[in-house]
Amino acid sequence: MALLSVRNLHARVGDKDILKGINLEVGAGEVHAIMGPNGSGKSTLASVLAGRDSYTVTQGEVLLDGKPLLELAPEARAAEGVFLAFQYPVEIPGVGNLHFLRTALNAQRRVKGLEELDAMDFLQLAKEKSKLVQLDQAFMNRSVNEGFSGGEKKRNEVFQMAVLEPRLAILDETDSGLDIDALRTVAGGVNALRAPQRAMVVITHYQRLLDYIVPDHVHVMAAGRIVRSGGRELALELEEKGYGWLGLDGAGR
């Protein structure tokens, strides 16, 4: 049984249909990359899976470990192990980075019937996980993402992912705004979190990210549908030829 099953998923924002029949099966331990032209619906798919309330699902179903996901509130989805790394991580002034993350982790531990981590145990865990993305200790003690550069925000997203240890990680254009050194660091953190029980859906425009996070499967989205699937070679072909050879120029406009 797939960890994530997306079946004939349709969704809209306002009166505009964005997703028009997405089918996707993601197994535990697998990394799936989703590519496609601007406006094809990639980020909408990520938002719908995470439960963002500005999107309305009009048809279809999503199963996580065989359980209906769409019926759950965003926080319940997170407790089930769904994690979304934002394309544009938000700043939360006045809320400490570590306080925010410890609160999130302990909320999930309560749902699982586990004892909450006290401040000292959490600090030890956070220091260990921060090494995956070389996140400076100073950033852990500041407000969430406030004053962070684009690269620091992306490192912080992967740091959060490392602490929360999700079953399904959705990375929405994690490479956006990263220079090559930051890209390597963030990708290294993501790769360190690959595990047999965990699945990842990596949304990206560029093949270069997939040089560092090598996917098991690559899918091309256009106009709200997955129109082509293949292995890593599909991403290499897209890098060489663009989307024109698939007849997708301007497909999402």
# chains A, B, ... in the order shown; residues from 1 in each chain; ligands from 1
>>> select_by_dssp(residues="range 117-240 of chain A", states="strand (DSSP E)", output="PyMOL selection string")
chain A and resi 143-144+168-172+199-203+217-222+225-230
>>> write_last_selection(atoms="N, CA and C atoms", output="PDB file, in the first residue's frame")
ATOM      1  N   SER A 143      13.308  35.243  16.576  1.00  0.00           N
ATOM      2  CA  SER A 143      11.925  35.008  16.174  1.00  0.00           C
ATOM      3  C   SER A 143      11.903  34.216  14.873  1.00  0.00           C
ATOM      4  N   VAL A 144      10.832  33.470  14.662  1.00  0.00           N
ATOM      5  CA  VAL A 144      10.745  32.565  13.523  1.00  0.00           C
ATOM      6  C   VAL A 144      10.954  33.327  12.212  1.00  0.00           C
ATOM      7  N   LEU A 168       5.477  12.181   5.725  1.00  0.00           N
ATOM      8  CA  LEU A 168       5.399  12.707   4.361  1.00  0.00           C
ATOM      9  C   LEU A 168       5.887  14.147   4.370  1.00  0.00           C
ATOM     10  N   ALA A 169       7.000  14.397   3.703  1.00  0.00           N
ATOM     11  CA  ALA A 169       7.547  15.748   3.609  1.00  0.00           C
ATOM     12  C   ALA A 169       7.302  16.288   2.203  1.00  0.00           C
ATOM     13  N   ILE A 170       6.680  17.456   2.130  1.00  0.00           N
ATOM     14  CA  ILE A 170       6.412  18.115   0.853  1.00  0.00           C
ATOM     15  C   ILE A 170       7.287  19.358   0.804  1.00  0.00           C
ATOM     16  N   LEU A 171       8.183  19.408  -0.148  1.00  0.00           N
ATOM     17  CA  LEU A 171       9.134  20.518  -0.243  1.00  0.00           C
ATOM     18  C   LEU A 171       8.762  21.354  -1.457  1.00  0.00           C
ATOM     19  N   ASP A 172       8.172  22.520  -1.195  1.00  0.00           N
ATOM     20  CA  ASP A 172       7.676  23.367  -2.278  1.00  0.00           C
ATOM     21  C   ASP A 172       8.757  24.356  -2.704  1.00  0.00           C
ATOM     22  N   ALA A 199       8.394   9.395   3.112  1.00  0.00           N
ATOM     23  CA  ALA A 199       8.285   9.730   1.697  1.00  0.00           C
ATOM     24  C   ALA A 199       8.455  11.236   1.535  1.00  0.00           C
ATOM     25  N   MET A 200       8.961  11.625   0.375  1.00  0.00           N
ATOM     26  CA  MET A 200       9.145  13.047   0.091  1.00  0.00           C
ATOM     27  C   MET A 200       8.603  13.383  -1.293  1.00  0.00           C
ATOM     28  N   VAL A 201       7.935  14.516  -1.376  1.00  0.00           N
ATOM     29  CA  VAL A 201       7.484  15.060  -2.648  1.00  0.00           C
ATOM     30  C   VAL A 201       8.213  16.385  -2.828  1.00  0.00           C
ATOM     31  N   VAL A 202       9.083  16.448  -3.830  1.00  0.00           N
ATOM     32  CA  VAL A 202       9.942  17.609  -4.050  1.00  0.00           C
ATOM     33  C   VAL A 202       9.437  18.363  -5.275  1.00  0.00           C
ATOM     34  N   ILE A 203       8.990  19.583  -5.063  1.00  0.00           N
ATOM     35  CA  ILE A 203       8.489  20.415  -6.160  1.00  0.00           C
ATOM     36  C   ILE A 203       9.597  21.374  -6.574  1.00  0.00           C
ATOM     37  N   HIS A 217      11.262   8.961  -8.733  1.00  0.00           N
ATOM     38  CA  HIS A 217      10.289   9.175  -9.803  1.00  0.00           C
ATOM     39  C   HIS A 217      10.187  10.676 -10.088  1.00  0.00           C
ATOM     40  N   VAL A 218       9.944  11.017 -11.344  1.00  0.00           N
ATOM     41  CA  VAL A 218       9.752  12.421 -11.747  1.00  0.00           C
ATOM     42  C   VAL A 218       8.421  12.522 -12.475  1.00  0.00           C
ATOM     43  N   HIS A 219       7.655  13.556 -12.136  1.00  0.00           N
ATOM     44  CA  HIS A 219       6.362  13.790 -12.778  1.00  0.00           C
ATOM     45  C   HIS A 219       6.348  15.209 -13.349  1.00  0.00           C
ATOM     46  N   VAL A 220       5.681  15.366 -14.475  1.00  0.00           N
ATOM     47  CA  VAL A 220       5.513  16.688 -15.077  1.00  0.00           C
ATOM     48  C   VAL A 220       4.043  17.071 -14.959  1.00  0.00           C
ATOM     49  N   MET A 221       3.810  18.250 -14.373  1.00  0.00           N
ATOM     50  CA  MET A 221       2.449  18.776 -14.275  1.00  0.00           C
ATOM     51  C   MET A 221       2.242  19.871 -15.313  1.00  0.00           C
ATOM     52  N   ALA A 222       1.030  19.926 -15.854  1.00  0.00           N
ATOM     53  CA  ALA A 222       0.642  21.012 -16.758  1.00  0.00           C
ATOM     54  C   ALA A 222      -0.867  21.157 -16.683  1.00  0.00           C
ATOM     55  N   ARG A 225      -2.814  18.863 -14.256  1.00  0.00           N
ATOM     56  CA  ARG A 225      -2.761  17.405 -14.357  1.00  0.00           C
ATOM     57  C   ARG A 225      -1.310  16.939 -14.439  1.00  0.00           C
ATOM     58  N   ILE A 226      -1.063  15.698 -14.060  1.00  0.00           N
ATOM     59  CA  ILE A 226       0.235  15.079 -14.312  1.00  0.00           C
ATOM     60  C   ILE A 226       0.178  14.490 -15.709  1.00  0.00           C
ATOM     61  N   VAL A 227       1.042  15.003 -16.579  1.00  0.00           N
ATOM     62  CA  VAL A 227       0.962  14.620 -17.992  1.00  0.00           C
ATOM     63  C   VAL A 227       2.079  13.683 -18.417  1.00  0.00           C
ATOM     64  N   ARG A 228       3.090  13.515 -17.590  1.00  0.00           N
ATOM     65  CA  ARG A 228       4.180  12.603 -17.929  1.00  0.00           C
ATOM     66  C   ARG A 228       4.866  12.168 -16.631  1.00  0.00           C
ATOM     67  N   SER A 229       5.218  10.905 -16.537  1.00  0.00           N
ATOM     68  CA  SER A 229       5.964  10.391 -15.389  1.00  0.00           C
ATOM     69  C   SER A 229       7.111   9.542 -15.894  1.00  0.00           C
ATOM     70  N   GLY A 230       8.182   9.515 -15.126  1.00  0.00           N
ATOM     71  CA  GLY A 230       9.327   8.707 -15.512  1.00  0.00           C
ATOM     72  C   GLY A 230      10.342   8.677 -14.391  1.00  0.00           C
TER      73      GLY A 230
END
>>> closest_atom_pairs(of="range 154-221 of chain A", to="range 120-142 of chain A", cutoff="10 Å", atoms="only C-alpha atoms", output="tab-separated table")
residue	atom	partner	partner_atom	distance
A:Lys154	CA	A:Val133	CA	9.4
A:Arg155	CA	A:Val133	CA	5.8
A:Asn156	CA	A:Leu135	CA	7.2
A:Glu157	CA	A:Val133	CA	9.7
A:Val158	CA	A:Val133	CA	7.2
A:Phe159	CA	A:Ser130	CA	5.8
A:Gln160	CA	A:Lys129	CA	8.6
A:Met161	CA	A:Lys129	CA	9.3
A:Ala162	CA	A:Lys129	CA	6.0
A:Val163	CA	A:Lys129	CA	6.4
A:Ala182	CA	A:Val133	CA	9.0
A:Arg184	CA	A:Val133	CA	9.4
A:Thr185	CA	A:Val133	CA	5.7
A:Val186	CA	A:Val133	CA	5.9
A:Ala187	CA	A:Val133	CA	8.6
A:Gly188	CA	A:Val133	CA	7.3
A:Gly189	CA	A:Leu132	CA	4.9
A:Val190	CA	A:Leu132	CA	8.5
A:Asn191	CA	A:Leu132	CA	9.6
A:Ala192	CA	A:Leu132	CA	7.3
A:Leu193	CA	A:Leu132	CA	9.0
>>> residues_around(residues="range 23-26 of chain A", least_positions_apart="2", cutoff="6 Å", atoms="only C-alpha atoms", output="MDAnalysis selection string")
chainID A and resid 2:8
>>> closest_residue(among="A:Asp118, A:Met35, A:Ala195, A:Glu239", to="His99 in chain A", atoms="only C-alpha atoms")
A:Asp118
>>> closest_residue(among="A:Leu238, A:Leu84, A:Val111, A:Val48", to="Glu173 in chain A", atoms="only C-alpha atoms")
A:Leu84
>>> select_by_dssp(residues="range 44-240 of chain A", states="alpha helix (DSSP H)", output="PyMOL selection string")
chain A and resi 44-50+74-79+97-111+119-130+137-140+150-164+180-192+207-212+232-240
>>> residues_around(residues="Leu236 in chain A", least_positions_apart="6", cutoff="10 Å", atoms="only C-alpha atoms", output="list in words")
Tyr206, Gln207, Arg208, Leu210, Asp211 and Gly242 of chain A
>>> atom_distance(atom1="CA of Glu116 in chain A", atom2="CA of Leu72 in chain A")
23.1 Å
>>> atom_distance(atom1="CA of Ile213 in chain A", atom2="CA of Val31 in chain A")
8.4 Å
